[in-house]
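Asker: Dumping the structure here so I can ask a few things about it.
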Amino acid sequence: MHSRFLPPENRTDKDFFAVVLNKLEQIFQITKEHNCSVLFQPGDMFDAPDPSRFVISSMLRVFRKYSDIKVFGCLGQHDLAYRSWQNFNRTASYLLESAGVLTIVGLDGKAVELEKNIFLHGHSFEQTENLSNPVEGAFNILLAHATVGTRPLFPGHELPSPKAFAKKNPGYSLIVLGDIHYAFHSVFQDTNIFNAGVVLRKTIAEKEQKPNVIIYDTETGKFEIVFLKVEPWQNVFTIPKKAKEEQNNKLQKFIAIVQGKKKSMVSFDDNLQTYYVNNEVAKPVQDRVALAMEKCGMKINERKEL
């Protein structure tokens, strides 16, 4: 979803948040029209963990309007405070769960039995703890926010394929993915792997994406793609030529830096200290940053591989 109030850069909608609510309504209506038992949302319900009260309350009203539909989700990096799922109780998604309109599955290491012999498992963004295991002899569904796709996002990008992800996570009959913004469907052995793609097109690169809902029948294995009613991209995007050239130049510079450092260890702390010096950041500000880092589990001088 990537729900937000203000329109992204280069979107020309006069009332962007009205578009957000309209698409959410359409998703619920499609769910009802097809008599679906549950609705899955694979992360990034919000574009930030702390949207305004107006955004949360407006979306909550839509959820309550369709309170007979059970909604299950996992957490994407945009949902998370400090991008740590351990801080889930500080987020807008937590408020939706507390209101009883959304169930985040998988953080406790337990699967949810949706119906007899059908189990739902959740893997939130970069979650490595409390992962549940498929139930032997059952129809297992994995709802995951993971960087998996069928084509790289830029030259030199190493992206795990859907089949590689399914091979690494065996035992599931259905895998529903979020994170990558384009849609795809793949099959590995007896596993169907889906990503419906982003619902709210944020960037020019997503202009060709057609927001959709995938209807899946667990008894027959058949599926149907239902497209939302949206404006053609030409009506909601503007593409300034100069801006496009600048974005391409920045991207090429970034790729060159990443490829140059790919095989080396990058010190986050060293880069941060360099930023402090170059920008004359005051000591009290540095202390606040250090405290925030510690709260989200990162210690000073910790080294991360790029």
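By order in the structure tokens, chains are A, B, ...; within a chain, residues start at 1; ligands start at 1, following the order shown.
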Give me every strand (DSSP E or B) residue in region 28-61 of chain A, going by DSSP on the backbone, as a list in words.

Answerer: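 Output for region 28-61 of chain A, strand (DSSP E or B) only: Val38, Leu39, Phe40, Gln41 and Phe46 of chain A.
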
Asker: Check the DSSP output for the backbone and give back, as an MDAnalysis selection string, the residues of region 11-197 of chain A in alpha helix (DSSP H).

Answerer: chainID A and resid 16:33 53:65 92:98 162:168

Asker: Do you know which residues are at most 8 Å from region 187-201 of chain A counting only C-alpha atoms, after dropping those on the same chain fewer than 5 positions away, and could you put them as JSON, numbers by chain?

Answerer: {"A": [1, 2, 3, 20, 23, 162, 163, 166, 167, 172, 173, 174, 175, 176, 177, 178, 180, 181, 182, 206, 207, 209, 210, 211, 212, 213, 214]}

Asker: Go ahead and save the residues from that selection, with N, CA and C atoms, as a PDB file, in the first residue's frame.

Answerer:
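Resulting contents of result04.pdb:
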ATOM      1  N   MET A   1       0.815  -1.213   0.000  1.00  0.00           N
ATOM      2  CA  MET A   1       0.000   0.000   0.000  1.00  0.00           C
ATOM      3  C   MET A   1       0.854   1.271   0.000  1.00  0.00           C
ATOM      4  N   HIS A   2       1.835   1.337   0.955  1.00  0.00           N
ATOM      5  CA  HIS A   2       2.639   2.558   1.111  1.00  0.00           C
ATOM      6  C   HIS A   2       1.741   3.783   1.342  1.00  0.00           C
ATOM      7  N   SER A   3       0.762   3.635   2.218  1.00  0.00           N
ATOM      8  CA  SER A   3      -0.205   4.705   2.473  1.00  0.00           C
ATOM      9  C   SER A   3       0.480   5.945   3.053  1.00  0.00           C
ATOM     10  N   VAL A  20      -5.573   7.156  -2.056  1.00  0.00           N
ATOM     11  CA  VAL A  20      -5.177   6.094  -1.124  1.00  0.00           C
ATOM     12  C   VAL A  20      -6.410   5.382  -0.568  1.00  0.00           C
ATOM     13  N   LYS A  23      -8.393   3.310  -3.176  1.00  0.00           N
ATOM     14  CA  LYS A  23      -7.794   2.021  -3.525  1.00  0.00           C
ATOM     15  C   LYS A  23      -7.991   1.004  -2.402  1.00  0.00           C
ATOM     16  N   PRO A 162      12.370 -15.745  -7.288  1.00  0.00           N
ATOM     17  CA  PRO A 162      11.286 -16.391  -6.550  1.00  0.00           C
ATOM     18  C   PRO A 162      11.547 -17.881  -6.321  1.00  0.00           C
ATOM     19  N   LYS A 163      12.069 -18.566  -7.336  1.00  0.00           N
ATOM     20  CA  LYS A 163      12.331 -19.993  -7.199  1.00  0.00           C
ATOM     21  C   LYS A 163      13.426 -20.256  -6.168  1.00  0.00           C
ATOM     22  N   ALA A 166      11.813 -19.868  -2.775  1.00  0.00           N
ATOM     23  CA  ALA A 166      10.986 -21.028  -2.452  1.00  0.00           C
ATOM     24  C   ALA A 166      11.848 -22.234  -2.082  1.00  0.00           C
ATOM     25  N   LYS A 167      12.962 -22.391  -2.775  1.00  0.00           N
ATOM     26  CA  LYS A 167      13.873 -23.503  -2.478  1.00  0.00           C
ATOM     27  C   LYS A 167      14.481 -23.348  -1.088  1.00  0.00           C
ATOM     28  N   TYR A 172       6.002 -24.933   1.611  1.00  0.00           N
ATOM     29  CA  TYR A 172       4.846 -24.056   1.448  1.00  0.00           C
ATOM     30  C   TYR A 172       4.160 -24.317   0.115  1.00  0.00           C
ATOM     31  N   SER A 173       2.849 -24.316   0.136  1.00  0.00           N
ATOM     32  CA  SER A 173       2.077 -24.466  -1.089  1.00  0.00           C
ATOM     33  C   SER A 173       1.865 -23.128  -1.775  1.00  0.00           C
ATOM     34  N   LEU A 174       1.858 -22.075  -0.984  1.00  0.00           N
ATOM     35  CA  LEU A 174       1.626 -20.722  -1.502  1.00  0.00           C
ATOM     36  C   LEU A 174       2.539 -19.745  -0.783  1.00  0.00           C
ATOM     37  N   ILE A 175       3.230 -18.894  -1.540  1.00  0.00           N
ATOM     38  CA  ILE A 175       4.074 -17.840  -0.967  1.00  0.00           C
ATOM     39  C   ILE A 175       3.595 -16.500  -1.513  1.00  0.00           C
ATOM     40  N   VAL A 176       3.282 -15.587  -0.607  1.00  0.00           N
ATOM     41  CA  VAL A 176       2.830 -14.244  -0.973  1.00  0.00           C
ATOM     42  C   VAL A 176       3.895 -13.257  -0.531  1.00  0.00           C
ATOM     43  N   LEU A 177       4.486 -12.543  -1.497  1.00  0.00           N
ATOM     44  CA  LEU A 177       5.629 -11.676  -1.229  1.00  0.00           C
ATOM     45  C   LEU A 177       5.288 -10.195  -1.375  1.00  0.00           C
ATOM     46  N   GLY A 178       5.992  -9.390  -0.604  1.00  0.00           N
ATOM     47  CA  GLY A 178       5.973  -7.948  -0.770  1.00  0.00           C
ATOM     48  C   GLY A 178       7.397  -7.435  -0.747  1.00  0.00           C
ATOM     49  N   ILE A 180       9.500  -5.815  -3.381  1.00  0.00           N
ATOM     50  CA  ILE A 180       9.703  -5.391  -4.761  1.00  0.00           C
ATOM     51  C   ILE A 180       8.379  -4.852  -5.303  1.00  0.00           C
ATOM     52  N   HIS A 181       8.419  -3.722  -6.020  1.00  0.00           N
ATOM     53  CA  HIS A 181       7.193  -3.012  -6.381  1.00  0.00           C
ATOM     54  C   HIS A 181       6.541  -3.466  -7.684  1.00  0.00           C
ATOM     55  N   TYR A 182       7.189  -4.326  -8.441  1.00  0.00           N
ATOM     56  CA  TYR A 182       6.529  -4.822  -9.653  1.00  0.00           C
ATOM     57  C   TYR A 182       5.916  -6.197  -9.380  1.00  0.00           C
ATOM     58  N   GLU A 206       7.554   3.205 -11.644  1.00  0.00           N
ATOM     59  CA  GLU A 206       6.427   2.305 -11.394  1.00  0.00           C
ATOM     60  C   GLU A 206       5.204   2.651 -12.235  1.00  0.00           C
ATOM     61  N   LYS A 207       5.358   3.552 -13.179  1.00  0.00           N
ATOM     62  CA  LYS A 207       4.191   4.050 -13.922  1.00  0.00           C
ATOM     63  C   LYS A 207       3.464   2.953 -14.695  1.00  0.00           C
ATOM     64  N   GLN A 209       3.169  -0.164 -13.690  1.00  0.00           N
ATOM     65  CA  GLN A 209       2.568  -1.119 -12.760  1.00  0.00           C
ATOM     66  C   GLN A 209       1.050  -0.932 -12.718  1.00  0.00           C
ATOM     67  N   LYS A 210       0.320  -2.024 -12.805  1.00  0.00           N
ATOM     68  CA  LYS A 210      -1.137  -1.979 -12.761  1.00  0.00           C
ATOM     69  C   LYS A 210      -1.599  -2.526 -11.416  1.00  0.00           C
ATOM     70  N   PRO A 211      -2.005  -1.639 -10.502  1.00  0.00           N
ATOM     71  CA  PRO A 211      -2.423  -2.086  -9.170  1.00  0.00           C
ATOM     72  C   PRO A 211      -3.492  -3.173  -9.257  1.00  0.00           C
ATOM     73  N   ASN A 212      -3.300  -4.237  -8.489  1.00  0.00           N
ATOM     74  CA  ASN A 212      -4.184  -5.391  -8.616  1.00  0.00           C
ATOM     75  C   ASN A 212      -4.326  -6.158  -7.317  1.00  0.00           C
ATOM     76  N   VAL A 213      -5.298  -7.047  -7.301  1.00  0.00           N
ATOM     77  CA  VAL A 213      -5.504  -8.003  -6.227  1.00  0.00           C
ATOM     78  C   VAL A 213      -5.499  -9.391  -6.850  1.00  0.00           C
ATOM     79  N   ILE A 214      -4.860 -10.342  -6.185  1.00  0.00           N
ATOM     80  CA  ILE A 214      -4.817 -11.716  -6.685  1.00  0.00           C
ATOM     81  C   ILE A 214      -5.770 -12.566  -5.854  1.00  0.00           C
TER      82      ILE A 214
END

Asker: Using only C-alpha atoms, pick whichever of A:Gln41, A:Ser57, A:Thr12, A:Gln86 has the shortest atom-to-atom distance to Val105 (chain A).

Answerer: A:Gln41

Asker: Please provide the set of residues having any atom within 7 Å of Cys74 (chain A), restricted to only C-alpha atoms, with same-chain residues fewer than 6 positions apart removed, written as a PyMOL selection string.

Answerer: chain A and resi 41-43+104-105+122-124+143-145

Asker: Keeping only N, CA and C atoms, take the residues you just selected and write them out as a compact mmCIF listing (two decimals), in the first residue's frame.

Answerer:
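Output (selection26.txt):
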# COMPACT_ATOMS: atom_id res chain seq x y z
N GLN A 41 -1.83 -8.93 3.36
CA GLN A 41 -1.12 -7.70 3.04
C GLN A 41 0.35 -7.90 3.42
N PRO A 42 1.24 -8.10 2.41
CA PRO A 42 2.62 -8.51 2.71
C PRO A 42 3.58 -7.36 3.03
N GLY A 43 3.19 -6.49 3.94
CA GLY A 43 4.11 -5.47 4.43
C GLY A 43 4.03 -4.13 3.74
N ILE A 104 -1.05 -9.06 12.65
CA ILE A 104 0.32 -9.27 12.17
C ILE A 104 0.74 -10.67 12.58
N VAL A 105 1.07 -11.48 11.61
CA VAL A 105 1.35 -12.89 11.88
C VAL A 105 2.85 -13.17 11.81
N GLY A 122 4.18 -16.03 8.91
CA GLY A 122 4.62 -14.69 8.55
C GLY A 122 6.10 -14.48 8.76
N HIS A 123 6.75 -13.84 7.79
CA HIS A 123 8.14 -13.42 7.91
C HIS A 123 8.20 -11.92 7.66
N SER A 124 8.40 -11.14 8.69
CA SER A 124 8.52 -9.69 8.50
C SER A 124 9.91 -9.34 8.00
N LEU A 143 3.55 -15.66 4.18
CA LEU A 143 3.38 -14.24 3.89
C LEU A 143 4.68 -13.55 4.30
N ALA A 144 5.42 -13.01 3.33
CA ALA A 144 6.76 -12.51 3.63
C ALA A 144 7.06 -11.19 2.95
N HIS A 145 7.78 -10.33 3.66
CA HIS A 145 8.30 -9.10 3.07
C HIS A 145 9.78 -9.33 2.84

Asker: For Ala111 (chain A), which residue among A:Asn130, A:Ser98, A:Ser161, A:Gln29 is the nearest when counting only C-alpha atoms?

Answerer: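 Once distances to Ala111 (chain A) are computed over only C-alpha atoms, the minimum belongs to A:Asn130.
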
Asker: Find the spatial neighbours of Asp13 (chain A), counting only C-alpha atoms, within a cut-off of 12 Å - ignore same-chain residues fewer than 6 positions away - and output them as a ChimeraX atom specification.

Answerer: /A:5-7,19-20,200-202,230-238

Asker: By how many Å are CA of Pro134 (chain A) and CA of Thr103 (chain A) apart?

Answerer: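 Pair CA of Pro134 (chain A) / CA of Thr103 (chain A) returns 19.1 Å.
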
Asker: When distances are computed from only C-alpha atoms, which of A:Phe63, A:Phe154, A:Phe139, A:Phe88 shows the smallest separation from Ile27 (chain A)?

Answerer: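 Using only C-alpha atoms, Ile27 (chain A) sits closest to A:Phe63.
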
Asker: Between A:Glu126, A:Asp108, A:Asp179, A:Glu33, which is the closest to Thr147 (chain A) once you count only C-alpha atoms?

Answerer: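 Looking at the shortest contact to Thr147 (chain A), the residue is A:Asp179.
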
Asker: Choose the residue, out of A:Gln77, A:Gln273, A:Ser58, A:Asn117, that has the smallest atom-to-atom separation from Phe17 (chain A); count only C-alpha atoms.

Answerer: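 Closest to Phe17 (chain A) of all the choices is A:Ser58.
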
Asker: Nearest to Phe40 (chain A) among A:Val71, A:Glu158, A:Glu208, A:Glu129, with distances taken over only C-alpha atoms: which residue is it?

Answerer: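 Nearest to Phe40 (chain A): A:Val71.
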
Asker: Name the residues in contact with Arg61 (chain A) at a cut-off of 12 Å, using only C-alpha atoms, excluding same-chain residues fewer than 2 positions from it; report them as a VMD selection string.

Answerer: chain A and resid 21 24 to 25 54 to 59 63 to 67 96 99 101

Asker: Fewer than 2 positions away in the same chain doesn't count, so skip those; otherwise give me all residues within 10 Å of Lys110 (chain A), counting only C-alpha atoms, as an mmCIF file with C-alpha atoms, in the first residue's frame.

Answerer:
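The resulting around34.cif:
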data_model
loop_
_atom_site.group_PDB
_atom_site.id
_atom_site.type_symbol
_atom_site.label_atom_id
_atom_site.label_comp_id
_atom_site.auth_asym_id
_atom_site.auth_seq_id
_atom_site.Cartn_x
_atom_site.Cartn_y
_atom_site.Cartn_z
ATOM 1 C CA VAL A 105 1.350 -12.887 11.882
ATOM 2 C CA GLY A 106 4.684 -14.525 12.647
ATOM 3 C CA LEU A 107 6.347 -12.292 15.250
ATOM 4 C CA ASP A 108 5.619 -14.809 18.008
ATOM 5 C CA VAL A 112 -2.277 -19.120 12.344
ATOM 6 C CA GLU A 113 -4.734 -21.872 11.433
ATOM 7 C CA PHE A 119 -1.845 -22.595 8.148
ATOM 8 C CA LEU A 120 -0.519 -19.060 7.634
ATOM 9 C CA HIS A 121 3.075 -18.170 8.502
ATOM 10 C CA GLY A 122 4.615 -14.686 8.548
ATOM 11 C CA ASN A 130 10.794 -16.807 16.041
ATOM 12 C CA LEU A 131 10.244 -18.226 12.562
ATOM 13 C CA SER A 132 7.539 -20.886 12.463
ATOM 14 C CA ASN A 133 7.946 -24.113 10.511
#
